[in-house]
>>> print(open('structure18.cif').read())   # mmCIF, C-alpha atoms (C1' of nucleotides)
data_structure
#
loop_
_atom_site.label_atom_id
_atom_site.label_comp_id
_atom_site.auth_asym_id
_atom_site.auth_seq_id
_atom_site.Cartn_x
_atom_site.Cartn_y
_atom_site.Cartn_z
CA MET A 186 -23.85 -1.10 -28.65
CA LYS A 187 -23.72 0.73 -31.93
CA THR A 188 -20.53 -1.14 -32.65
CA LEU A 189 -22.20 -4.46 -32.05
CA GLU A 190 -24.85 -3.59 -34.59
CA THR A 191 -22.22 -3.33 -37.27
CA LEU A 192 -20.87 -6.76 -36.40
CA VAL A 193 -24.10 -8.71 -36.50
CA PRO A 194 -27.73 -8.18 -37.37
CA LEU A 195 -29.14 -6.97 -34.11
CA GLU A 196 -32.13 -5.12 -32.82
CA PHE A 197 -32.48 -3.93 -29.30
CA THR A 198 -33.96 -1.39 -26.96
CA LEU A 199 -32.18 0.19 -24.02
CA GLU A 200 -33.95 1.16 -20.86
CA ALA A 201 -33.00 2.31 -17.41
CA VAL A 202 -34.35 0.24 -14.55
CA GLN A 203 -34.03 1.00 -10.87
CA GLU A 204 -31.96 -1.42 -8.86
CA GLY A 205 -33.14 -1.73 -5.27
CA ARG A 206 -34.26 1.35 -3.40
CA THR A 207 -31.12 3.39 -3.26
CA GLY A 208 -29.11 1.81 -6.03
CA LYS A 209 -28.13 3.74 -9.09
CA PRO A 210 -30.23 3.33 -12.20
CA LEU A 211 -29.15 0.32 -14.19
CA LEU A 212 -29.10 0.03 -17.94
CA GLN A 213 -30.76 -2.96 -19.46
CA ALA A 214 -30.71 -4.01 -23.08
CA GLU A 215 -33.33 -6.21 -24.66
CA GLY A 216 -33.33 -7.52 -28.19
CA ARG A 217 -32.65 -10.30 -30.61
CA LEU A 218 -29.31 -11.51 -31.84
CA LEU A 219 -29.45 -13.60 -35.02
CA GLY A 220 -32.92 -14.68 -34.02
CA THR A 221 -32.22 -15.46 -30.36
CA ALA A 222 -33.74 -13.18 -27.74
CA PHE A 223 -31.51 -11.67 -25.08
CA VAL A 224 -31.72 -9.47 -22.03
CA TRP A 225 -28.47 -8.00 -20.77
CA ARG A 226 -27.43 -5.73 -17.99
CA VAL A 227 -25.27 -3.07 -19.52
CA GLU A 228 -22.33 -1.42 -17.76
CA GLU A 229 -21.11 1.63 -19.60
CA MET A 230 -17.50 2.67 -19.15
CA LYS A 231 -15.87 5.25 -21.34
CA HIS A 232 -12.48 4.72 -19.80
CA PHE A 233 -12.15 1.10 -18.96
CA LYS A 234 -9.42 0.43 -16.39
CA LYS A 235 -8.07 -2.34 -14.22
CA THR A 236 -10.23 -1.44 -11.26
CA ASP A 237 -13.31 -1.45 -13.47
CA GLU A 238 -12.44 -5.02 -14.29
CA ALA A 239 -12.57 -5.84 -10.60
CA HIS A 240 -15.89 -4.06 -10.31
CA LEU A 241 -17.29 -6.16 -13.14
CA LEU A 242 -16.13 -9.36 -11.48
CA LEU A 243 -18.27 -8.36 -8.53
CA GLN A 244 -21.23 -7.40 -10.65
CA ARG A 245 -21.08 -10.56 -12.72
CA ASP A 246 -23.14 -12.77 -10.45
CA ARG A 247 -25.30 -10.16 -8.81
CA GLY A 248 -28.22 -9.94 -11.21
CA THR A 249 -30.48 -12.30 -13.07
CA HIS A 250 -29.31 -11.29 -16.54
CA PRO A 251 -25.88 -11.66 -18.11
CA LEU A 252 -23.61 -8.68 -18.05
CA LEU A 253 -22.43 -6.67 -21.02
CA LEU A 254 -19.68 -4.11 -20.78
CA ALA A 255 -19.92 -1.26 -23.25
CA ALA A 256 -16.54 0.42 -23.21
CA GLY A 257 -14.61 3.02 -25.11
CA TYR A 258 -11.70 0.67 -25.62
CA VAL A 259 -10.72 -2.70 -24.23
CA ALA A 260 -7.02 -3.55 -24.56
CA PRO A 261 -6.19 -7.07 -25.78
CA GLU A 262 -4.85 -8.29 -22.41
CA ALA A 263 -7.96 -7.01 -20.63
CA ALA A 264 -10.13 -8.60 -23.31
CA ALA A 265 -8.56 -11.98 -22.65
CA ARG A 266 -9.19 -11.62 -18.92
CA LEU A 267 -12.81 -10.66 -19.48
CA LYS A 268 -13.35 -13.64 -21.74
CA GLU A 269 -11.75 -15.86 -19.13
CA ALA A 270 -14.16 -14.47 -16.54
CA GLY A 271 -17.10 -14.92 -18.87
CA ILE A 272 -17.91 -11.24 -19.07
CA GLN A 273 -19.28 -10.04 -22.40
CA PHE A 274 -18.14 -6.75 -23.85
CA VAL A 275 -18.06 -4.50 -26.88
CA ASP A 276 -15.94 -1.43 -27.45
CA THR A 277 -16.03 1.41 -29.93
CA ALA A 278 -12.98 0.09 -31.76
CA GLY A 279 -14.91 -3.03 -32.70
CA ASN A 280 -13.48 -5.51 -30.22
CA ALA A 281 -16.09 -7.76 -28.69
CA PHE A 282 -16.80 -10.88 -26.75
CA ILE A 283 -20.37 -12.10 -26.88
CA ASN A 284 -21.31 -15.51 -25.59
CA HIS A 285 -24.98 -16.03 -26.25
CA PRO A 286 -25.46 -19.59 -27.49
CA PRO A 287 -25.63 -20.42 -30.25
CA VAL A 288 -23.93 -17.12 -31.01
CA LEU A 289 -20.30 -16.64 -30.10
CA ILE A 290 -18.44 -13.49 -31.05
CA TRP A 291 -14.77 -12.98 -30.25
CA THR A 292 -12.94 -10.15 -31.92
CA THR A 293 -9.70 -8.63 -30.68
CA GLY A 294 -6.73 -6.68 -31.88
CA LYS A 295 -8.59 -3.67 -33.22
CA LYS A 296 -6.98 -0.39 -32.32
CA PRO A 297 -8.97 2.39 -30.70
CA ALA A 298 -10.64 4.60 -33.27
CA GLU A 299 -9.32 7.78 -31.71
CA LYS A 300 -7.47 8.47 -28.55
CA ALA A 301 -9.79 8.70 -25.60
CA PRO A 302 -10.96 12.18 -24.62
CA LEU A 303 -9.77 13.67 -21.36
CA PRO A 304 -11.01 11.77 -18.29
CA ARG A 305 -12.20 14.84 -16.40
CA THR A 306 -12.82 13.19 -13.05
CA GLY A 307 -13.52 16.32 -11.08
CA ARG A 308 -11.91 17.26 -7.85
CA ILE A 309 -13.93 15.07 -5.53
CA PHE A 310 -12.22 11.88 -6.68
CA ARG A 311 -8.63 13.02 -6.48
CA GLY A 312 -6.18 13.38 -3.63
CA ALA A 313 -7.70 15.47 -0.92
CA GLY A 314 -11.23 14.91 -2.19
CA LEU A 315 -10.86 11.15 -1.76
CA LYS A 316 -9.76 11.63 1.83
CA ILE A 317 -12.85 13.65 2.54
CA VAL A 318 -15.21 11.25 0.81
CA PHE A 319 -13.71 8.37 2.79
CA THR A 320 -14.25 10.06 6.14
CA LEU A 321 -17.77 11.06 5.14
CA LEU A 322 -18.64 7.52 4.12
CA CYS A 323 -17.31 6.19 7.43
CA ARG A 324 -19.04 8.85 9.47
CA PRO A 325 -21.96 10.26 7.47
CA GLU A 326 -23.09 12.42 10.37
CA LEU A 327 -20.03 14.59 9.72
CA ALA A 328 -21.70 15.89 6.57
CA GLY A 329 -23.84 18.16 8.73
CA LYS A 330 -20.95 19.38 10.86
CA PRO A 331 -18.85 22.50 10.25
CA TYR A 332 -16.26 22.32 7.49
CA ARG A 333 -13.55 22.78 10.07
CA ASP A 334 -14.48 19.45 11.65
CA ILE A 335 -14.62 17.69 8.31
CA ALA A 336 -11.28 19.14 7.22
CA GLU A 337 -9.62 18.14 10.48
CA THR A 338 -10.90 14.57 10.51
CA ALA A 339 -9.98 14.05 6.88
CA GLY A 340 -6.59 15.68 7.28
CA VAL A 341 -7.05 18.34 4.61
CA ALA A 342 -7.22 22.12 4.54
CA LEU A 343 -10.41 24.00 5.30
CA GLY A 344 -10.76 25.53 1.85
CA THR A 345 -10.35 22.11 0.27
CA ALA A 346 -13.14 20.72 2.41
CA ALA A 347 -15.41 23.51 1.20
CA ASN A 348 -14.46 22.78 -2.40
CA THR A 349 -15.12 19.09 -2.11
CA MET A 350 -18.43 19.58 -0.34
CA ALA A 351 -19.51 21.85 -3.18
CA GLY A 352 -18.46 19.20 -5.67
CA LEU A 353 -20.41 16.54 -3.83
CA ALA A 354 -23.49 18.74 -3.75
CA GLU A 355 -23.11 19.42 -7.45
CA ARG A 356 -23.19 15.71 -8.19
CA GLY A 357 -26.08 15.12 -5.86
CA PHE A 358 -24.25 13.23 -3.13
CA ILE A 359 -24.98 15.91 -0.57
CA VAL A 360 -28.48 17.26 -0.19
CA GLN A 361 -29.83 20.02 1.98
CA ALA A 362 -32.35 18.19 4.15
CA HIS A 363 -33.53 21.05 6.33
CA LYS A 364 -32.46 24.63 6.73
CA ARG A 365 -28.85 23.99 7.56
CA GLU A 366 -28.74 20.27 7.70
CA LYS A 367 -26.74 18.53 5.01
CA LYS A 368 -27.04 14.83 4.35
CA LEU A 369 -24.89 12.34 2.51
CA VAL A 370 -27.00 10.32 0.08
CA ARG A 371 -26.55 7.73 -2.69
CA ARG A 372 -23.78 6.29 -0.60
CA GLU A 373 -23.40 2.98 -2.36
CA GLU A 374 -22.85 4.70 -5.67
CA LEU A 375 -20.46 7.15 -4.08
CA PHE A 376 -18.54 4.32 -2.48
CA GLY A 377 -18.19 2.48 -5.77
CA GLN A 378 -16.63 5.47 -7.44
CA TRP A 379 -14.54 6.25 -4.41
CA ALA A 380 -13.06 2.76 -4.13
CA ALA A 381 -12.00 2.69 -7.77
CA ALA A 382 -10.49 6.16 -7.62
CA TYR A 383 -8.75 5.44 -4.33
CA ALA A 384 -7.13 2.30 -5.72
CA GLU A 385 -6.00 4.17 -8.80
CA THR A 386 -4.81 7.53 -7.59
CA LEU A 387 -4.61 8.24 -3.89
CA ARG A 388 -3.28 4.91 -2.75
CA GLN A 389 0.16 5.11 -4.32
CA LYS A 390 0.59 8.58 -2.94
CA LEU A 391 0.11 7.24 0.57
CA LEU A 392 2.87 4.68 0.22
CA LEU A 393 5.52 5.43 2.81
CA GLY A 394 7.69 2.44 2.15
CA ARG A 395 7.91 -1.12 0.95
CA PHE A 396 9.54 -3.87 2.96
CA HIS A 397 10.29 -7.52 3.16
CA GLY A 398 9.21 -9.57 6.16
CA GLU A 399 9.80 -13.12 7.29
CA ARG A 400 7.31 -15.73 6.14
CA GLU A 401 3.89 -15.15 7.71
CA TRP A 402 5.43 -12.78 10.24
CA TRP A 403 2.07 -11.10 10.69
CA LYS A 404 0.33 -14.23 11.88
CA GLY A 405 -0.54 -13.98 15.55
CA LEU A 406 1.03 -10.57 15.88
CA GLN A 407 -0.67 -8.23 18.33
CA LEU A 408 -0.74 -4.75 16.80
CA ASP A 409 -0.85 -1.65 18.92
CA THR A 410 -3.69 0.18 17.19
CA ALA A 411 -2.32 3.52 18.32
CA ALA A 412 0.69 2.83 16.12
CA ALA A 413 -0.76 0.95 13.19
CA GLN A 414 -3.66 -1.02 11.76
CA TRP A 415 -3.93 -3.74 9.15
CA GLY A 416 -5.26 -3.05 5.70
CA GLY A 417 -5.37 -5.10 2.53
CA GLU A 418 -5.07 -8.85 2.52
CA VAL A 419 -4.20 -9.40 6.17
CA ALA A 420 -7.21 -7.32 7.24
CA ALA A 421 -9.38 -9.22 4.78
CA TRP A 422 -8.16 -12.49 6.20
CA LYS A 423 -8.92 -11.35 9.73
CA LEU A 424 -12.38 -10.13 8.74
CA THR A 425 -13.51 -13.12 6.73
CA GLY A 426 -11.21 -16.03 7.45
CA TYR A 427 -10.83 -16.43 3.71
CA LEU A 428 -7.74 -15.73 1.70
CA LYS A 429 -4.14 -16.69 2.22
CA PRO A 430 -2.45 -13.30 2.32
CA GLU A 431 0.43 -12.89 -0.10
CA THR A 432 1.00 -9.26 0.75
CA ALA A 433 0.71 -7.34 4.01
CA THR A 434 -0.55 -3.79 4.21
CA LEU A 435 -0.13 -1.58 7.24
CA TYR A 436 -1.61 1.85 7.78
CA THR A 437 0.41 3.89 10.19
CA ASN A 438 1.33 7.44 11.07
CA ARG A 439 4.46 8.90 9.55
CA ASN A 440 6.32 9.14 12.85
CA ARG A 441 5.70 5.54 13.86
CA ILE A 442 7.24 3.79 10.86
CA ALA A 443 10.65 3.28 12.42
CA GLU A 444 9.39 1.45 15.50
CA LEU A 445 7.13 -0.71 13.36
CA VAL A 446 9.99 -1.69 11.10
CA VAL A 447 12.33 -2.50 13.96
CA ALA A 448 9.80 -4.41 16.05
CA ASN A 449 8.86 -6.67 13.16
CA LYS A 450 12.32 -7.07 11.65
CA LEU A 451 11.24 -5.67 8.32
CA LYS A 452 13.87 -5.01 5.70
CA LYS A 453 13.62 -2.21 3.21
CA ASP A 454 12.88 -3.73 -0.16
CA PRO A 455 11.31 -1.84 -3.05
CA ARG A 456 9.81 -5.08 -4.34
CA GLY A 457 8.87 -6.51 -0.96
CA ASN A 458 5.44 -7.79 -0.11
CA VAL A 459 4.92 -5.56 2.90
CA GLU A 460 3.67 -2.07 2.26
CA ILE A 461 3.30 0.68 4.79
CA LEU A 462 0.80 3.41 3.99
CA ASP A 463 0.07 6.74 5.58
CA ARG A 464 -2.84 6.60 8.00
CA PHE A 465 -4.12 9.97 6.86
CA TRP A 466 -7.40 10.22 8.71
CA MET A 467 -7.98 11.30 12.27
CA ARG A 468 -9.25 8.45 14.38
CA GLU A 469 -12.15 8.63 16.77
CA LYS A 470 -10.67 9.11 20.21
CA GLU A 471 -13.42 7.56 22.28
CA ARG A 472 -14.08 4.48 20.29
CA GLN A 473 -12.35 1.19 20.81
CA GLU A 474 -10.34 0.55 17.69
CA ASP A 475 -10.06 -2.64 15.68
CA ASP A 476 -6.64 -3.75 14.56
CA THR A 477 -7.99 -3.61 11.02
CA VAL A 478 -8.85 -0.40 9.18
CA HIS A 479 -12.39 0.35 8.09
CA PRO A 480 -13.76 -2.33 5.75
CA PHE A 481 -14.26 0.37 3.10
CA LEU A 482 -10.51 0.74 2.97
CA VAL A 483 -9.86 -2.99 3.10
CA TYR A 484 -12.14 -3.42 0.13
CA ALA A 485 -10.38 -0.69 -1.81
CA ASP A 486 -7.00 -2.25 -0.98
CA LEU A 487 -8.18 -5.56 -2.40
CA LEU A 488 -9.45 -3.74 -5.45
CA ALA A 489 -6.00 -2.25 -5.95
CA ILE A 490 -4.54 -5.75 -6.05
CA GLY A 491 -7.41 -6.73 -8.29
CA ASP A 492 -6.83 -10.39 -9.11
CA GLN A 493 -9.42 -13.14 -9.06
CA ARG A 494 -8.25 -14.33 -5.65
CA THR A 495 -8.59 -11.03 -3.81
CA MET A 496 -11.79 -10.08 -5.61
CA GLU A 497 -13.55 -13.17 -4.31
CA THR A 498 -12.81 -11.99 -0.81
CA ALA A 499 -13.65 -8.40 -1.66
CA LYS A 500 -17.06 -9.63 -2.70
CA VAL A 501 -17.57 -11.38 0.62
CA ILE A 502 -16.58 -8.24 2.51
CA TYR A 503 -18.89 -6.15 0.38
CA GLU A 504 -21.86 -8.35 1.07
CA ARG A 505 -21.20 -9.04 4.73
CA GLN A 506 -19.76 -5.80 5.99
CA LEU A 507 -20.36 -2.94 3.64
CA THR A 508 -24.01 -3.06 2.71
CA GLU A 509 -25.06 -2.02 6.20
CA TYR A 510 -23.33 1.32 5.69
CA PHE A 511 -25.44 2.11 2.63
CA ARG A 512 -28.75 2.16 4.44
CA GLU A 513 -30.13 5.67 4.54
CA ASP A 514 -32.97 6.84 6.70
"C1'" DG B 1422 -24.64 46.75 17.46
"C1'" DT B 1423 -21.21 43.36 19.02
"C1'" DC B 1424 -19.38 38.88 19.28
"C1'" DC B 1425 -18.44 34.47 17.81
"C1'" DA B 1426 -18.63 30.54 14.85
"C1'" DT B 1427 -18.60 29.41 10.33
"C1'" DC B 1428 -17.95 30.00 5.43
"C1'" DT B 1429 -15.74 31.87 1.21
"C1'" DT B 1430 -12.02 33.67 -1.18
"C1'" DC B 1431 -7.58 33.83 -3.16
"C1'" DG B 1432 -2.30 34.11 -3.65
"C1'" DG B 1433 1.24 31.20 -3.63
"C1'" DA B 1434 3.22 26.42 -3.05
"C1'" DT B 1435 3.13 21.94 -4.87
"C1'" DA B 1436 1.79 18.05 -7.61
"C1'" DT B 1437 0.32 16.32 -12.05
"C1'" DA B 1438 -0.06 15.95 -17.05
"C1'" DG B 1439 1.26 17.05 -21.57
"C1'" DG B 1440 4.75 18.03 -24.87
"C1'" DT B 1441 9.35 17.56 -26.77
"C1'" DA C 481 14.34 12.28 -19.22
"C1'" DC C 482 13.37 16.98 -18.79
"C1'" DC C 483 10.74 21.30 -19.09
"C1'" DT C 484 6.37 23.78 -19.09
"C1'" DA C 485 1.48 24.50 -18.48
"C1'" DT C 486 -2.21 23.48 -15.73
"C1'" DA C 487 -4.72 21.57 -11.91
"C1'" DT C 488 -4.92 20.95 -7.12
"C1'" DC C 489 -4.19 22.03 -2.45
"C1'" DC C 490 -3.13 24.77 1.54
"C1'" DG C 491 -3.98 28.19 4.93
"C1'" DA C 492 -4.67 32.71 6.42
"C1'" DA C 493 -7.45 36.61 6.08
"C1'" DG C 494 -11.63 38.76 5.11
"C1'" DA C 495 -16.86 38.16 4.72
"C1'" DT C 496 -21.19 36.52 6.40
"C1'" DG C 497 -24.77 35.71 9.31
"C1'" DG C 498 -27.06 34.19 13.54
"C1'" DA C 499 -27.45 34.81 18.74
"C1'" DC C 500 -27.71 37.81 22.32
#
>>> encode(input="structure18.cif", output="structure tokens")
Amino acid sequence: MKTLETLVPLEFTLEAVQEGRTGKPLLQAEGRLLGTAFVWRVEEMKHFKKTDEAHLLLQRDRGTHPLLLAAGYVAPEAAARLKEAGIQFVDTAGNAFINHPPVLIWTTGKKPAEKAPLPRTGRIFRGAGLKIVFTLLCRPELAGKPYRDIAETAGVALGTAANTMAGLAERGFIVQAHKREKKLVRREELFGQWAAAYAETLRQKLLLGRFHGEREWWKGLQLDTAAAQWGGEVAAWKLTGYLKPETATLYTNRNRIAELVVANKLKKDPRGNVEILDRFWMREKERQEDDTVHPFLVYADLLAIGDQRTMETAKVIYERQLTEYFRED
DNA sequence: GTCCATCTTCGGATATAGGT
DNA sequence: ACCTATATCCGAAGATGGAC
């Protein structure tokens, strides 16, 4: 915002408003730009990345006021995409897109003032931490169970579970409700951060192989859920009916890849549109399983693809299937 | 006090990031 | 690309603390 001030005569005030009951506090800017009043929702992102772009696409139509991204640095290609999507932004280098008739600002090509400081994500949004957060989001009641249970279900070591739980408590995502009863709170916020981090870091580490399949081979295929489940676009298509999948994502266990590949006549191809990922979590034995993975994961898969097409569907999934998981009692 | 479940700690293995 | 420094993770072993 400071940068914007140097570009045009501008006065504004910033205030935090609460969004919904459990939502995270939202920044809102109010002021006048060359004589015209404005109210903007402000999204602050020090390190602006591809997945953040996807997040903004979702946020764009959610509120009553236009969105403004305040970022550390927006690369030229990203700037063009934001402009295309009608999302306003400013960065500290002096790049900006503001569309507030009659004012139109469009500046690009300025280099970042200094190289961005270290990201410092903390251990809860990396590798093992992401596995734990995912299982906790899916099954919040686990938060109150022994670490051994959490570690087992998430497929990580006991000590790591303890570490991550401490990290979550530190950031206020785990609270001590009663004497020894922990609760997972601020789940929607946690999920948002999880999904972005999953798409960026953990996901590629889970990739077991990439293949090529015959055209629409997945259509009408009956998956044995004990061996594999759909993620990504195919799952999204099954859940919503929208989307024409261009890629297929399967989550399976390491020792079942071979049979999956043979049964579906998949050919190894490093640039193929079929990806097989490690189904890292431990599934609930009793429950009847869907042939699609948890919608949390489907959403994150779509985020990893991150184009306009998949984000439309991601938005539908978010609204129809995910919001129910964020209710806290 | 003993037993058992659970939690914390920590050395070493492994993955990641930064530098050349 | 490689090498090196650092962060992250694992897992076993020791510590804690509640129930009886």
>>> resolve_selection(input="structure18.cif", expression="the PyMOL selection byres ((chain A) within 8 of (chain C))", output="number ranges by chain")
A: 308, 313, 342-345
>>> closest_atom_pairs(input="structure18.cif", of="chain A", to="chain B", cutoff="9 Å", atoms="all atoms listed in the file", output="tab-separated table")
residue	atom	partner	partner_atom	distance
A:Pro331	CA	B:DT1427	C1'	6.9
A:Tyr332	CA	B:DT1427	C1'	8.0
A:Arg333	CA	B:DT1427	C1'	8.3
A:Gly344	CA	B:DT1429	C1'	8.1
A:Ala347	CA	B:DC1428	C1'	8.2
>>> atom_distance(input="structure18.cif", atom1="CA of Ala421 (chain A)", atom2="CA of Val501 (chain A)")
9.4 Å
>>> resolve_selection(input="structure18.cif", expression="the PyMOL selection byres ((chain A and resi 243) around 10)", output="list in words")
Asp237, Glu238, Ala239, His240, Leu241, Leu242, Gln244, Arg245, Asp246, Arg247, Met496, Glu497, Ala499, Lys500, Val501 and Tyr503 of chain A
>>> write_last_selection(input="structure18.cif", atoms="C-alpha atoms", output="PDB file, keeping the file's coordinate frame")
ATOM      1  CA  ASP A 237     -13.310  -1.450 -13.470  1.00  0.00           C
ATOM      2  CA  GLU A 238     -12.440  -5.020 -14.290  1.00  0.00           C
ATOM      3  CA  ALA A 239     -12.570  -5.840 -10.600  1.00  0.00           C
ATOM      4  CA  HIS A 240     -15.890  -4.060 -10.310  1.00  0.00           C
ATOM      5  CA  LEU A 241     -17.290  -6.160 -13.140  1.00  0.00           C
ATOM      6  CA  LEU A 242     -16.130  -9.360 -11.480  1.00  0.00           C
ATOM      7  CA  GLN A 244     -21.230  -7.400 -10.650  1.00  0.00           C
ATOM      8  CA  ARG A 245     -21.080 -10.560 -12.720  1.00  0.00           C
ATOM      9  CA  ASP A 246     -23.140 -12.770 -10.450  1.00  0.00           C
ATOM     10  CA  ARG A 247     -25.300 -10.160  -8.810  1.00  0.00           C
ATOM     11  CA  MET A 496     -11.790 -10.080  -5.610  1.00  0.00           C
ATOM     12  CA  GLU A 497     -13.550 -13.170  -4.310  1.00  0.00           C
ATOM     13  CA  ALA A 499     -13.650  -8.400  -1.660  1.00  0.00           C
ATOM     14  CA  LYS A 500     -17.060  -9.630  -2.700  1.00  0.00           C
ATOM     15  CA  VAL A 501     -17.570 -11.380   0.620  1.00  0.00           C
ATOM     16  CA  TYR A 503     -18.890  -6.150   0.380  1.00  0.00           C
TER      17      TYR A 503
END
>>> closest_residue(input="structure18.cif", among="A:Lys450, A:Arg441, A:Lys470, A:Lys316", to="Trp402 (chain A)", atoms="all atoms listed in the file")
A:Lys450
>>> residues_near_point(input="structure18.cif", point="(-5.3, 12.0, 8.8)", cutoff="8 Å", atoms="all atoms listed in the file", output="mmCIF file with C-alpha atoms, keeping the file's coordinate frame")
data_model
loop_
_atom_site.group_PDB
_atom_site.id
_atom_site.type_symbol
_atom_site.label_atom_id
_atom_site.label_comp_id
_atom_site.auth_asym_id
_atom_site.auth_seq_id
_atom_site.Cartn_x
_atom_site.Cartn_y
_atom_site.Cartn_z
ATOM 1 C CA GLU A 337 -9.620 18.140 10.480
ATOM 2 C CA THR A 338 -10.900 14.570 10.510
ATOM 3 C CA ALA A 339 -9.980 14.050 6.880
ATOM 4 C CA GLY A 340 -6.590 15.680 7.280
ATOM 5 C CA VAL A 341 -7.050 18.340 4.610
ATOM 6 C CA ARG A 464 -2.840 6.600 8.000
ATOM 7 C CA PHE A 465 -4.120 9.970 6.860
ATOM 8 C CA TRP A 466 -7.400 10.220 8.710
ATOM 9 C CA MET A 467 -7.980 11.300 12.270
ATOM 10 C CA ARG A 468 -9.250 8.450 14.380
#
>>> resolve_selection(input="structure18.cif", expression="the PyMOL selection byres ((chain A and resi 510-514) around 6)", output="list in words")
Arg372, Glu373, Leu507, Thr508 and Glu509 of chain A
>>> atom_distance(input="structure18.cif", atom1="CA of Thr495 (chain A)", atom2="CA of Asn284 (chain A)")
25.6 Å
>>> axis_aligned_box(input="structure18.cif", around="region 487-496 of chain C", padding_each_side="3 Å", output="lines of an AutoDock Vina configuration file")
center_x = -12.2
center_y = 29.9
center_z = -2.7
size_x = 24.1
size_y = 23.8
size_z = 24.3
>>> atom_distance(input="structure18.cif", atom1="CA of Leu315 (chain A)", atom2="CA of Ile502 (chain A)")
20.7 Å
>>> residues_around(input="structure18.cif", residues="region 226-235 of chain A", least_positions_apart="5", cutoff="6 Å", atoms="all atoms listed in the file", output="PyMOL selection string")
chain A and resi 212-213+252-257
>>> write_last_selection(input="structure18.cif", atoms="C-alpha atoms", output="short mmCIF file (atom, residue, chain, number, x, y, z; two decimals), in the coordinates of the input")
data_model
loop_
_atom_site.label_atom_id
_atom_site.label_comp_id
_atom_site.auth_asym_id
_atom_site.auth_seq_id
_atom_site.Cartn_x
_atom_site.Cartn_y
_atom_site.Cartn_z
CA LEU A 212 -29.10 0.03 -17.94
CA GLN A 213 -30.76 -2.96 -19.46
CA LEU A 252 -23.61 -8.68 -18.05
CA LEU A 253 -22.43 -6.67 -21.02
CA LEU A 254 -19.68 -4.11 -20.78
CA ALA A 255 -19.92 -1.26 -23.25
CA ALA A 256 -16.54 0.42 -23.21
CA GLY A 257 -14.61 3.02 -25.11
#
>>> residues_around(input="structure18.cif", residues="Ala485 (chain A)", least_positions_apart="2", cutoff="8 Å", atoms="only C-alpha atoms (C1' of nucleotides)", output="compact mmCIF listing (two decimals) with C-alpha atoms, in the frame of the given file")
# COMPACT_ATOMS: atom_id res chain seq x y z
CA ALA A 380 -13.06 2.76 -4.13
CA ALA A 381 -12.00 2.69 -7.77
CA TYR A 383 -8.75 5.44 -4.33
CA ALA A 384 -7.13 2.30 -5.72
CA GLY A 417 -5.37 -5.10 2.53
CA PHE A 481 -14.26 0.37 3.10
CA LEU A 482 -10.51 0.74 2.97
CA VAL A 483 -9.86 -2.99 3.10
CA LEU A 487 -8.18 -5.56 -2.40
CA LEU A 488 -9.45 -3.74 -5.45
CA ALA A 489 -6.00 -2.25 -5.95
>>> closest_residue(input="structure18.cif", among="A:Arg324, A:Val259, A:Ile309, A:Lys390", to="Lys295 (chain A)", atoms="all atoms listed in the file")
A:Val259
>>> closest_residue(input="structure18.cif", among="A:Val447, A:Ala362, A:Leu462, A:Leu322", to="Leu387 (chain A)", atoms="only C-alpha atoms")
A:Leu462
